[in-house]
Amino acid sequence: MPSLTTRRARGLASLERLADRPLGAVVLFLAAIAVYAFRAIGWPLVAGRDLDEYLYGYIQFFDWDPLLPWSMLFRTPVTPIVAGVLLDLGGGIVAEPFMAVLFAGSVVAWAVAARTFGTRVALLAAVALLVYPAYGLMFHELSSEPVFAAGFALWALLVTRSAAQPSVRRFALAGLAVALLALIRPGNAVLIAFVLFPLVVAGDWRRRAAWAAAFLTAAVLPLAVWALLNGVRFGDYTLARGGNAVVPFYRAFITDRIVSPDNGPASRRLGDAIEQHLLTRDPYKSYGVTLDEVFQSGSFRIHEDLYVLSDEVFGWGSNYSVLRDAGREAVEAHPADYASGVLETVWQQLSESFFRTPAPRAETRPPASSQPGLPRPTEGEPIPAGQNAWISRPDNRIREVWTSGTEHHFEFRDERDRRRFSEIVHERDELLAALPDRGGSAALAHRLNQLSRWFPRPIIWIAVGLIALAWRKPRGTTILTALGLAAVLVIVLNALGLFADPHFALPVAPAFVLFGLGALFGRRTEGESAG
């Protein structure tokens, strides 16, 4: 009778033979669907980050002169279309099955990409992604993250194939995938920097230049067309409006809290505008918010009001230039604080996992406030919730008016705007109501969160990969490193403008898994068996 070791070796060999056949991809796809269905018992599909704003873009997509252009210009179109269509078709019945397909497709794409480095690497990568709860959890939240994750998996597959068998066509497809990623989330345009990769692929300089040109053209042309459409439609010739206000102002104001009127002229302009146009009205006036509190609070709610303030005071055409310049002045005045904050965020993104926490219990009564007769704002904020940057327009035809510290409503110059606004909000609510309404299994969700705690963080995969690269020197080091660097580039870009949030890192996390496994188990010479 064969020993246990022999049986294990035979079983592994059988799995590797299956992974080498097209049937292996089918089996893996079905296994991933089953894993998704099992997790959905504990994690029903829910609304993800900013889903309501994506839906405004979907609802108005074919309106040439939309009532609410802010969300449409602040985002790129792929996520709004995907999310809206999923919730629109059949009353949302296809949303969860489609997310299961996205998850399964991304796992298969990464496994096929990993096969470039050896069959065993592909097998281990597939298993790792199937049991990676934090990565899977993204696909149970409808927002840009799962769409980005699937798009990044496709891009990684196209890049590895381009590196293995370079051609103009293959690099053009990889460039188109970058354009797709930027149309999912505009910050992903940073991956255009990958145009340098074809220049280090084996080949003569003429071919390398052709590959790089094909990649760059395919990546830039669709984005240029979208920017041109935004210009013709809205007068903003940009991929996404407001990006210059995110980096670095968002981070400097909310996370590092280094924005101050003392930093420079743009910061003083911003401070003056806040004093004259924000603190003089509710809810700031009722809650006695001071200018120092505005800058020291790191408040998400105040930050959202600053977008509207900029559009109203400095003009829509300024494209938040005062916020951008105030952020730049903050970094120049406090470079060490900003740099250490960015590094800390990158570390957190690479060293922390992702959990779905239970929804907080509703409070039976509002907590008391230091201001007599007013409830204390929730979430430790200085003002109550109710800020809505998405109503902003170039002509300020829609305004949010606070009549007291707690009461507010929308005002419209034209009654037709009010009717269209009501239609949009009603359609948004109907789409959100199409999400599954079943309650998840708390016990299973708890176990999945526990598993997520124990799964190796990206920093572990990176450390293992770096050591293994130096020790083993496997084939494909260039592409393994390039994919890892691309993932790090995405994370660093987010850290330059945003706080630490696993949502920004998990879509690219499989690149680190592949980096570690490829370096540790990848083929060392042509024809060598992996492992």
# chains A, B, ... in the order shown; residues from 1 in each chain; ligands from 1

$ residues_around --residues "A:Ala128" --least-positions-apart "2" --cutoff "10 Å" --atoms "only C-alpha atoms" --output "MDAnalysis selection string"
chainID A and resid 107 111 122:126 130:133 455:456 510 513:514 517

$ write_last_selection --atoms "N, CA, C and O atoms" --output "CSV table (one decimal), in the first residue's frame"
chain,number,residue,atom,x,y,z
A,107,VAL,N,-10.2,35.1,-10.2
A,107,VAL,CA,-9.3,34.0,-9.7
A,107,VAL,C,-8.7,33.2,-10.9
A,107,VAL,O,-7.5,32.9,-10.9
A,111,ALA,N,-4.8,32.8,-11.9
A,111,ALA,CA,-4.2,31.5,-12.0
A,111,ALA,C,-3.5,31.2,-13.3
A,111,ALA,O,-2.4,30.7,-13.5
A,122,ALA,N,0.7,28.3,-10.4
A,122,ALA,CA,-0.7,28.5,-10.8
A,122,ALA,C,-1.6,27.8,-9.8
A,122,ALA,O,-2.7,28.4,-9.4
A,123,LEU,N,-1.3,26.6,-9.4
A,123,LEU,CA,-2.2,25.8,-8.5
A,123,LEU,C,-2.2,26.5,-7.2
A,123,LEU,O,-3.3,26.6,-6.6
A,124,LEU,N,-1.1,26.9,-6.6
A,124,LEU,CA,-1.0,27.5,-5.3
A,124,LEU,C,-1.7,28.9,-5.3
A,124,LEU,O,-2.3,29.2,-4.3
A,125,ALA,N,-1.5,29.6,-6.4
A,125,ALA,CA,-2.1,30.9,-6.5
A,125,ALA,C,-3.7,30.8,-6.5
A,125,ALA,O,-4.4,31.6,-5.8
A,126,ALA,N,-4.2,29.8,-7.2
A,126,ALA,CA,-5.6,29.6,-7.3
A,126,ALA,C,-6.1,29.2,-5.9
A,126,ALA,O,-7.2,29.8,-5.4
A,130,LEU,N,-8.7,31.5,-3.5
A,130,LEU,CA,-10.0,30.9,-3.1
A,130,LEU,C,-10.2,31.0,-1.6
A,130,LEU,O,-11.3,31.2,-1.2
A,131,VAL,N,-9.1,30.9,-0.9
A,131,VAL,CA,-9.3,30.9,0.6
A,131,VAL,C,-8.9,32.3,1.2
A,131,VAL,O,-8.9,32.4,2.4
A,132,TYR,N,-8.7,33.3,0.4
A,132,TYR,CA,-8.4,34.6,0.8
A,132,TYR,C,-9.7,35.4,1.1
A,132,TYR,O,-10.3,36.0,0.3
A,133,PRO,N,-10.2,35.4,2.4
A,133,PRO,CA,-11.5,36.0,2.7
A,133,PRO,C,-11.6,37.5,2.4
A,133,PRO,O,-12.6,37.9,1.8
A,455,PHE,N,-5.0,35.0,7.4
A,455,PHE,CA,-4.4,34.9,6.1
A,455,PHE,C,-3.2,35.8,6.0
A,455,PHE,O,-3.3,37.0,6.5
A,456,PRO,N,-2.1,35.4,5.4
A,456,PRO,CA,-0.9,36.3,5.3
A,456,PRO,C,-1.2,37.6,4.6
A,456,PRO,O,-1.9,37.7,3.6
A,510,PRO,N,-3.7,40.4,-5.1
A,510,PRO,CA,-3.2,39.2,-5.7
A,510,PRO,C,-1.8,39.3,-6.4
A,510,PRO,O,-1.1,38.3,-6.5
A,513,VAL,N,0.5,38.2,-3.8
A,513,VAL,CA,0.5,36.7,-3.6
A,513,VAL,C,1.3,36.1,-4.7
A,513,VAL,O,2.1,35.1,-4.5
A,514,LEU,N,1.1,36.5,-6.0
A,514,LEU,CA,1.8,36.0,-7.1
A,514,LEU,C,3.3,36.2,-7.0
A,514,LEU,O,4.1,35.3,-7.3
A,517,LEU,N,4.6,33.7,-4.3
A,517,LEU,CA,4.6,32.3,-4.8
A,517,LEU,C,5.5,32.1,-6.0
A,517,LEU,O,6.1,31.0,-6.2

$ residues_around --residues "A:Phe117" --least-positions-apart "5" --cutoff "8 Å" --atoms "only C-alpha atoms" --output "ChimeraX atom specification"
/A:122,475-476,518,522-523,530

$ atom_distance --atom1 "atom CA of A:Leu191" --atom2 "atom CA of A:Val490"
7.6 Å

$ residues_around --residues "A:Thr217" --least-positions-apart "3" --cutoff "9 Å" --atoms "only C-alpha atoms" --output "VMD selection string"
chain A and resid 172 175 to 176 212 to 214 220 to 222

$ write_last_selection --atoms "C-alpha atoms" --output "compact mmCIF listing (two decimals), in the first residue's frame"
# COMPACT_ATOMS: atom_id res chain seq x y z
CA ALA A 172 -1.90 47.10 -27.28
CA GLY A 175 -2.72 49.23 -22.88
CA LEU A 176 -6.46 49.00 -23.49
CA ALA A 212 5.81 50.67 -25.92
CA ALA A 213 4.12 52.86 -28.54
CA ALA A 214 1.30 50.34 -28.96
CA VAL A 220 -4.20 57.03 -23.77
CA LEU A 221 -6.56 57.19 -26.76
CA PRO A 222 -9.76 55.96 -24.99

$ closest_residue --among "A:Gly24, A:Asp437, A:Glu411, A:Gly118" --to "A:Arg524" --atoms "only C-alpha atoms"
A:Gly118

$ select_by_dssp --residues "stretch 3-195 of chain A" --states "strand (DSSP E or B)" --output "VMD selection string"
chain A and resid 46 to 47 141 to 142

$ residues_around --residues "A:Val201" --least-positions-apart "3" --cutoff "8 Å" --atoms "only C-alpha atoms" --output "PyMOL selection string"
chain A and resi 163+166+197-198+208

$ atom_distance --atom1 "atom CA of A:Pro335" --atom2 "atom CA of A:Ala266"
17.2 Å

$ closest_residue --among "A:Ala83, A:Leu55, A:Ala149, A:Val492" --to "A:Tyr135" --atoms "only C-alpha atoms"
A:Ala149
